[in-house]
Amino acid sequence: MKLKIALIACLFLVSFRLFAEDKKAIQLKFKITEPQYRIFYGSEIGDIEKECSVLMTGLLNKSFGFFRFTENEKPHVLHVELADSERNASSHPGLKEVGFKLSLKQQSGLGSEEPVYWVFRPVERFIESLPDVKENIINEIVQVFRIGLLNNKETLVRNIFSKVEVADDFYFVEDKKLYIIPLSEKESNIARLSLFVLISLIPDDLIQAIPLYDTTQVLGPIKSKAEAIAKYHLPATYPEGSLALKKLSAAEPGFSVNVSSADTVEKKIYILKHLPLVNTDLEVVTPETFFSTVNPE
Amino acid sequence: MKARWLQQTAWLLFLIGQPGFIQAQEPVSFRPDSVCKVALQLPWNEGISMLTGNVDNCGEDSTCMLKIYFTAGYICQQAATAENAPALLERSFAFYMQAHQANPSDMAVVNNLFLVSKALGNTDVALELLDQAIELDNRNKFRYYVNKGDLLFDNGDFSKALSFYQPAFFANTNNEALGWKIFQCYSQLTEPQKRIEGLVTFAEKLFELGANRLAADGFMLALHHALQVNDQSGAVQACVRWAEIISTYDGLTESYARELPDTASWPHRCNSELQKILHHSFKHTDELKWWMASDYRQHITASIMLKMESSMLMDGKPDKAVQLLETALEIAPEFYRYNDPLLRKYFPAKMGIAIELSRLYNRYPEMDLDGAKYDAMIMELFNKKSEHYLQNDIESIQRSHTMLGLIYADRDVWTSSWYAGNGIFQLTRAIDFQKKLEDKDPEKFKPVPSLYQLLAKGYRKTNQPEQEFRALVNAAIGYLDLDNLTVADSILRSAANSPYRDSQSSQLLKELGWITGLRLGLRNGTIDVANSPVDELEKTIVEHPLFKGTAFQNDPSFLNRQRFKFLADLGEFCTEENASYKLPVFEIKALDYINREKALGNYQDINRLSRIEGKFAASLGPEDVIRLRPLRGTVSATDETTSWSLTSGGYQTRIVASPDLFIAGKVYENMARENESITIETLEQIQIRQGNVYIPYGAKETEKINGNTLRQIKGVTDVRIVPKTR
């Protein structure tokens with residue numbers, strides 16, 4: 001019961017979103033590999049890992065809304081390991097720190113992966129006794145993970161999330177030289193000026209396919225999907241408020257053809273820089289709310 | 001959370017639109033609210049006809065006219081589509097203007113007028129309306145600043161946009177996207193030199209504030225702009241500052257080299273050597289002469305090497321890590337060189353490198369078989385002379401003593417011919433400096449029970465029972481702060497077996513035993529929470545030494561933290577097990593105690609605060625009330641929040657709570673005190689938004705509500721009575 005309460009309390013903070021968009025999924029696998037922790041918690045270790053996974057998945061979904069993190073099996077797996085910061089079995093067992101190591105497996109995409117690490121318990125706390133209450137260690141793990149996400153957001157995008165495609169389609173509006181991607185500002189938590197790289201594989205008779213790269217920057221959401229469909233033939237499957245991107249002037253050579261109209265073209269989108277959305281837009285006040293302003297005591 | 005917000009918003013809207021409200025406010029003959037509601041349900045043109053046809057019924061009543069015109073403006077605004085937008089928006093604007101004339105200080109009108117003006121492309125009017133909004137609603141002025149900046153930016157007036165973006169950004173440095181808008185503004189300036197200088201100046205400010213990642217982006221942009229106009233000195237300056245910032249990043253990897261221009265396009269040694277450092281592709285330090293040409297650059301180079309160590313260890317290459325640190329130790333400037341103005345704010349890299357190298361020599365003895373390297377380094381670096389140079393950085397001195405204490409303890413060295421060459425000396429110093437740090441800044445509070453435990457071991461081995469006893473007691477105090485009650489209890493039992501005892505220490509032991517017993521009793525179920533009446537539980541608590549204030553007179557902060565923990569946990573247990581526990585009295589008291597402190601004990605306290613937030617959720621707004629922020633700088637004076645620091649793991653974090661949470665506690669407490677029969681359901685109807693307290697109208701008839709008393713609660717800006725719905 002207490003665990004349930006603790007989980008509910010954490011979920012208050014996490015505030016899960018409902019995903020209307022068909023986001024790419026990343027599986028989260030959390031494992032405690034530090035031997036002393038495994039010995040201390042014994043048979044409870046599985047439960048601890050499971051509970052932590054649920055809460056970590058929620059935190060990731062809140063921070064990086066452009067993917068859907070899940071505990072279910074998916075081609076891309078984000079491994080989170082609570083482990084000794086050094087990978088060397090011959091080392092002296094003391095004077096070490098324990099931290100989170102995050103790495104991506106089975107990925108297919110740009111570049112090679114580089115793990116991301118942050119401290120769970122520094123050297124001076126390694127010798128400290130562990131909490132004997134399961135809920136307390138779960139809470140400590142989840143809170144430090146959360147704080148780590150806050151402090152390492154950029155490195156996570158750079159080293160890990162930029163290696164997984166966020167979408168496999170985009171639409172090019174020839175008239176305006178704009179790209180529309182099937183992700184919306186609010187659902188995906190992507191603010192203006194975030195950066196994406198768009199890749200198009202154009203079939204070629206000499207070699208199989210020529211990849212074309214474009215570095216683009218988010219301009220903002222489209223105003224009206226209906227208008228975009230009617231006027232610019234945006235596919236109806238794109239969500240309301242899909243993001244419009246413009247090519248950066250200093251980017252790689254751009255598209256020489258209107259790639260959106262070519263059926264055989266394969267498209268991929270990767271995030272390069274994530275700026276989380278902080279809503280500063282003013283919204284329309286309704287008359288109902290307006291009535292309330294004239295009722296002082 | 002979203003669902004809860006929607007529910008609450010719907011409830012609030014429903015509540016303020018009830019017939020009871022209309023009857024209380026308006027003449028019986030004409031009800032503008034009812035007319036407006038009906039008009040909103042009709043096709044837009046019929047709705048407008050109905051409203052305009054009823055304007056005359058308002059007579060001289062400006063409130064009535066405000067409602068009619070506002071609703072008409074709203075209907076036109078909502079009806080605007082791509083085809084008819086200009087005409088309908090113009091009509092909307094005209095109606096809103098009449099509402100504005102009826103009440104020029106109504107924010108809802110100004111807000112919608114702004115949106116319509118913006119949609120019509122009438123920038124000048126929109127800007128003027130934002131000025132009015134800033135005057136009328138100062139609390140949200142930074143939001144209006146951003147909107148002003150956006151309008152000016154879209155108009156191509158980047159210098160003016162900056163004058164609004166910058167104050168808004170510095171009021172909330174967590175808005176990374178706004179930081180990038182500022183970069184964008186500078187990047188658009190026509191004069192290249194202004195572009196570069198602007199970016200550098202803004203990045204400098206970011207760096208001073210501790211927004212290091214964003215600052216690095218700013219310097220990198222400045223570097224690229226400088227190269228575009230072949231400004232070599234500007235490019236070098238930006239590159240060096242960028243390197244300085246990344247030298248502070250934990251877990252630095254070679255991937256950062258990818259951000260630099262390629263060496264073919266910018267062959268300057270500043271660039272090529274820095275890439276060698278980041279790729280670790282140099283064979284000898286002779287290849288890094290440019291980066292070793294001054295103390296400042298040497299410091300950056302050595303610090304980058306230190307920060308790259310962790311990725312090598314993670315790759316299982318401790319030999320390479322040791323080699324890198326030994327090189328860094330050679331490069332790092334001597335302590336006394338840190339008088340250089342550029343270096344004054346830094347802790348000498350030499351010390352940090354030496355500490356880490358010492359740890360590695362101990363962890364991988366094969367790298368220093370006879371311990372000679374370690375001994376020589378320790379003697380040279382960790383002496384009184386070096387400490388003299390470090391006096392201005394207590395935190396770093398504390399870290400140095402901690403690591404040395406841990407190393408000596410690990411080697412079981414408790415005595416030495418050299419005064420500082422043993423665990424007892426180093427651990428004692430580490431603890432002393434931690435206390436100094438907390439005395440100077442209570443936000444730096446950090447429980448260090450493991451250091452006390454090690455110290456107790458040292459005293460036991462050197463047969464110093466009095467010191468051992470004191471160290472054990474302090475270790476127990478630390479574990480109580482960390483919520484590890486079992487370990488605290490077990491340490492107190494060991495302390496009780498100590499041969500050393502005087503009246504003061506006996507009393508201390510007894511008091512700690514009470515606190516531990518009380519908290520363990522709650523956890524283990526020996527306190528009958530389920531069957532005790534709440535008022536009896538309250539009485540028991542008031543009588544307990546923890547709350548009587550007789551114990552721990554010298555450490556009120558420890559007591560406040562313990563009281564907060566106990567009361568928050570008691571509230572949770574009562575909620576789960578005691579059916580008569582409705583009003584969150586224990587949570588309200590818990591908030592009172594933690595509100596007096598600047599730091600939390602550990603991560604469990606974040607959960608406690610979140611659970612307390614849950615108890616007041618029905619009365620609070622949709623935003624997260626408890627938020628986590630990286631701990632950097634101080635909270636802005638304009639940010640009216642309560643916050644605590646938490647320094648328990650690898651990061652220092654700030655936990656921020658909305659003042660509405662504390663207001664909710666005080667309002668509940670106040671109303672419950674004056675109305676014995678008040679129910680939690682009634683209290684939960686109260687809504688609190690940014691200091692405004694909305695109380696259900698029906699409640700005023702049956703309950704005693706003293707608006708003036710509520711207005712005196714800290715943070716309350718206004719108290720309004722609205723109709724009751726349930």
# chains A, B, ... in the order shown; residues from 1 in each chain; ligands from 1
call {"tool": "select_by_dssp", "arguments": {"residues": "range 98-251 of chain A", "states": "strand (DSSP E or B)", "output": "PyMOL selection string"}}
result
chain A and resi 98-105+116-121+167+171-173+178-184+195-203+209-221+242-247
call {"tool": "select_by_dssp", "arguments": {"residues": "range 38-74 of chain B", "states": "alpha helix (DSSP H)", "output": "PyMOL selection string"}}
result
chain B and resi 38-41+44-54+62-74
call {"tool": "residues_around", "arguments": {"residues": "range 29-42 of chain A", "least_positions_apart": "5", "cutoff": "9 Å", "atoms": "only C-alpha atoms", "output": "count of residues only"}}
result
19
call {"tool": "residues_around", "arguments": {"residues": "Val265 in chain A", "least_positions_apart": "4", "cutoff": "7 Å", "atoms": "only C-alpha atoms", "output": "PyMOL selection string"}}
result
chain A and resi 200-203+259
call {"tool": "atom_distance", "arguments": {"atom1": "CA of Leu149 in chain A", "atom2": "CA of Leu243 in chain A"}}
result
24.6 Å
call {"tool": "closest_residue", "arguments": {"among": "B:Ile196, B:Leu520, B:Ile431, B:Val116", "to": "Val133 in chain A", "atoms": "only C-alpha atoms"}}
result
B:Leu520
call {"tool": "atom_distance", "arguments": {"atom1": "CA of Ser249 in chain A", "atom2": "CA of Thr216 in chain A"}}
result
8.8 Å
call {"tool": "atom_distance", "arguments": {"atom1": "CA of Gly458 in chain B", "atom2": "CA of Ile424 in chain B"}}
result
6.1 Å
call {"tool": "residues_around", "arguments": {"residues": "Gln78 in chain B", "least_positions_apart": "5", "cutoff": "12 Å", "atoms": "only C-alpha atoms", "output": "ChimeraX atom specification"}}
result
/A:284-287 /B:40,43-45,71-73,84-85,88-89,91-92,112,115-116
call {"tool": "write_last_selection", "arguments": {"atoms": "N, CA and C atoms", "output": "PDB file, in the first residue's frame"}}
result
ATOM      1  N   VAL A 284      -6.744  32.918 -25.696  1.00  0.00           N
ATOM      2  CA  VAL A 284      -8.021  33.636 -25.691  1.00  0.00           C
ATOM      3  C   VAL A 284      -8.743  33.410 -24.361  1.00  0.00           C
ATOM      4  N   VAL A 285      -9.224  34.494 -23.760  1.00  0.00           N
ATOM      5  CA  VAL A 285     -10.004  34.379 -22.523  1.00  0.00           C
ATOM      6  C   VAL A 285     -11.475  34.262 -22.909  1.00  0.00           C
ATOM      7  N   THR A 286     -12.143  33.287 -22.333  1.00  0.00           N
ATOM      8  CA  THR A 286     -13.557  33.084 -22.682  1.00  0.00           C
ATOM      9  C   THR A 286     -14.449  33.978 -21.822  1.00  0.00           C
ATOM     10  N   PRO A 287     -15.659  34.263 -22.288  1.00  0.00           N
ATOM     11  CA  PRO A 287     -16.549  35.125 -21.482  1.00  0.00           C
ATOM     12  C   PRO A 287     -16.848  34.522 -20.108  1.00  0.00           C
TER      13      PRO A 287
ATOM     14  N   LEU B  40     -24.011  32.864 -26.686  1.00  0.00           N
ATOM     15  CA  LEU B  40     -22.874  31.991 -26.993  1.00  0.00           C
ATOM     16  C   LEU B  40     -23.327  30.668 -27.628  1.00  0.00           C
ATOM     17  N   PRO B  43     -25.989  30.517 -33.450  1.00  0.00           N
ATOM     18  CA  PRO B  43     -25.074  30.789 -34.561  1.00  0.00           C
ATOM     19  C   PRO B  43     -24.512  32.201 -34.380  1.00  0.00           C
ATOM     20  N   TRP B  44     -23.286  32.423 -34.818  1.00  0.00           N
ATOM     21  CA  TRP B  44     -22.576  33.644 -34.418  1.00  0.00           C
ATOM     22  C   TRP B  44     -23.335  34.926 -34.748  1.00  0.00           C
ATOM     23  N   ASN B  45     -23.949  34.977 -35.972  1.00  0.00           N
ATOM     24  CA  ASN B  45     -24.610  36.230 -36.361  1.00  0.00           C
ATOM     25  C   ASN B  45     -25.868  36.489 -35.520  1.00  0.00           C
ATOM     26  N   THR B  71     -18.548  39.588 -24.756  1.00  0.00           N
ATOM     27  CA  THR B  71     -19.076  38.359 -25.351  1.00  0.00           C
ATOM     28  C   THR B  71     -19.222  38.518 -26.862  1.00  0.00           C
ATOM     29  N   ALA B  72     -19.660  39.689 -27.292  1.00  0.00           N
ATOM     30  CA  ALA B  72     -19.800  39.926 -28.732  1.00  0.00           C
ATOM     31  C   ALA B  72     -18.437  39.861 -29.424  1.00  0.00           C
ATOM     32  N   GLY B  73     -17.450  40.473 -28.806  1.00  0.00           N
ATOM     33  CA  GLY B  73     -16.086  40.429 -29.355  1.00  0.00           C
ATOM     34  C   GLY B  73     -15.587  39.003 -29.450  1.00  0.00           C
ATOM     35  N   ASN B  84     -13.309  34.663 -43.920  1.00  0.00           N
ATOM     36  CA  ASN B  84     -13.925  35.905 -43.434  1.00  0.00           C
ATOM     37  C   ASN B  84     -13.120  36.587 -42.340  1.00  0.00           C
ATOM     38  N   ALA B  85     -11.890  36.141 -42.153  1.00  0.00           N
ATOM     39  CA  ALA B  85     -11.121  36.609 -40.993  1.00  0.00           C
ATOM     40  C   ALA B  85     -11.025  38.130 -40.876  1.00  0.00           C
ATOM     41  N   LEU B  88     -14.431  39.812 -39.787  1.00  0.00           N
ATOM     42  CA  LEU B  88     -14.904  39.433 -38.444  1.00  0.00           C
ATOM     43  C   LEU B  88     -13.941  39.874 -37.344  1.00  0.00           C
ATOM     44  N   LEU B  89     -12.676  39.818 -37.645  1.00  0.00           N
ATOM     45  CA  LEU B  89     -11.705  40.268 -36.634  1.00  0.00           C
ATOM     46  C   LEU B  89     -11.835  41.772 -36.399  1.00  0.00           C
ATOM     47  N   ARG B  91     -14.609  43.431 -36.609  1.00  0.00           N
ATOM     48  CA  ARG B  91     -15.816  43.576 -35.768  1.00  0.00           C
ATOM     49  C   ARG B  91     -15.499  43.202 -34.326  1.00  0.00           C
ATOM     50  N   SER B  92     -14.764  42.099 -34.195  1.00  0.00           N
ATOM     51  CA  SER B  92     -14.363  41.653 -32.855  1.00  0.00           C
ATOM     52  C   SER B  92     -13.584  42.764 -32.144  1.00  0.00           C
ATOM     53  N   ASN B 112      -7.590  39.752 -24.960  1.00  0.00           N
ATOM     54  CA  ASN B 112      -8.223  39.366 -26.222  1.00  0.00           C
ATOM     55  C   ASN B 112      -8.043  40.438 -27.298  1.00  0.00           C
ATOM     56  N   LEU B 115      -4.765  39.783 -28.863  1.00  0.00           N
ATOM     57  CA  LEU B 115      -4.756  38.643 -29.788  1.00  0.00           C
ATOM     58  C   LEU B 115      -5.400  39.011 -31.125  1.00  0.00           C
ATOM     59  N   VAL B 116      -6.481  39.781 -31.044  1.00  0.00           N
ATOM     60  CA  VAL B 116      -7.155  40.185 -32.281  1.00  0.00           C
ATOM     61  C   VAL B 116      -6.258  41.137 -33.075  1.00  0.00           C
TER      62      VAL B 116
END
call {"tool": "closest_residue", "arguments": {"among": "B:Ser265, B:Asn54, B:Asn484, B:Gln504", "to": "chain A", "atoms": "only C-alpha atoms"}}
result
B:Asn484
call {"tool": "closest_atom_pairs", "arguments": {"of": "range 351-412 of chain B", "to": "range 432-452 of chain B", "cutoff": "10 Å", "atoms": "only C-alpha atoms", "output": "Markdown table"}}
result
| residue | atom | partner | partner_atom | distance |
| --- | --- | --- | --- | --- |
| B:Asp393 | CA | B:Leu437 | CA | 9.6 |
| B:Ile394 | CA | B:Phe433 | CA | 6.4 |
| B:Glu395 | CA | B:Leu437 | CA | 6.7 |
| B:Ser396 | CA | B:Phe433 | CA | 9.4 |
| B:Ile397 | CA | B:Phe433 | CA | 7.3 |
| B:Gln398 | CA | B:Phe433 | CA | 5.3 |
| B:Arg399 | CA | B:Gln434 | CA | 9.0 |
| B:His401 | CA | B:Phe433 | CA | 8.7 |
| B:Thr402 | CA | B:Leu451 | CA | 7.9 |
| B:Gly405 | CA | B:Leu451 | CA | 8.3 |
| B:Leu406 | CA | B:Leu451 | CA | 8.1 |
| B:Ala409 | CA | B:Leu451 | CA | 9.8 |
call {"tool": "residues_around", "arguments": {"residues": "Val173 in chain A", "least_positions_apart": "5", "cutoff": "7 Å", "atoms": "only C-alpha atoms", "output": "list in words"}}
result
Leu178, Tyr179 and Tyr232 of chain A
call {"tool": "closest_residue", "arguments": {"among": "A:Ile45, A:Ala226, A:Ala209, A:Leu219", "to": "Gln184 in chain B", "atoms": "only C-alpha atoms"}}
result
A:Leu219
call {"tool": "residues_around", "arguments": {"residues": "Phe126 in chain A", "least_positions_apart": "3", "cutoff": "7 Å", "atoms": "only C-alpha atoms", "output": "ChimeraX atom specification"}}
result
/A:96-97,121-123
call {"tool": "closest_residue", "arguments": {"among": "A:Ala167, A:Leu234, A:Leu156, A:Ile181", "to": "chain B", "atoms": "only C-alpha atoms"}}
result
A:Leu156
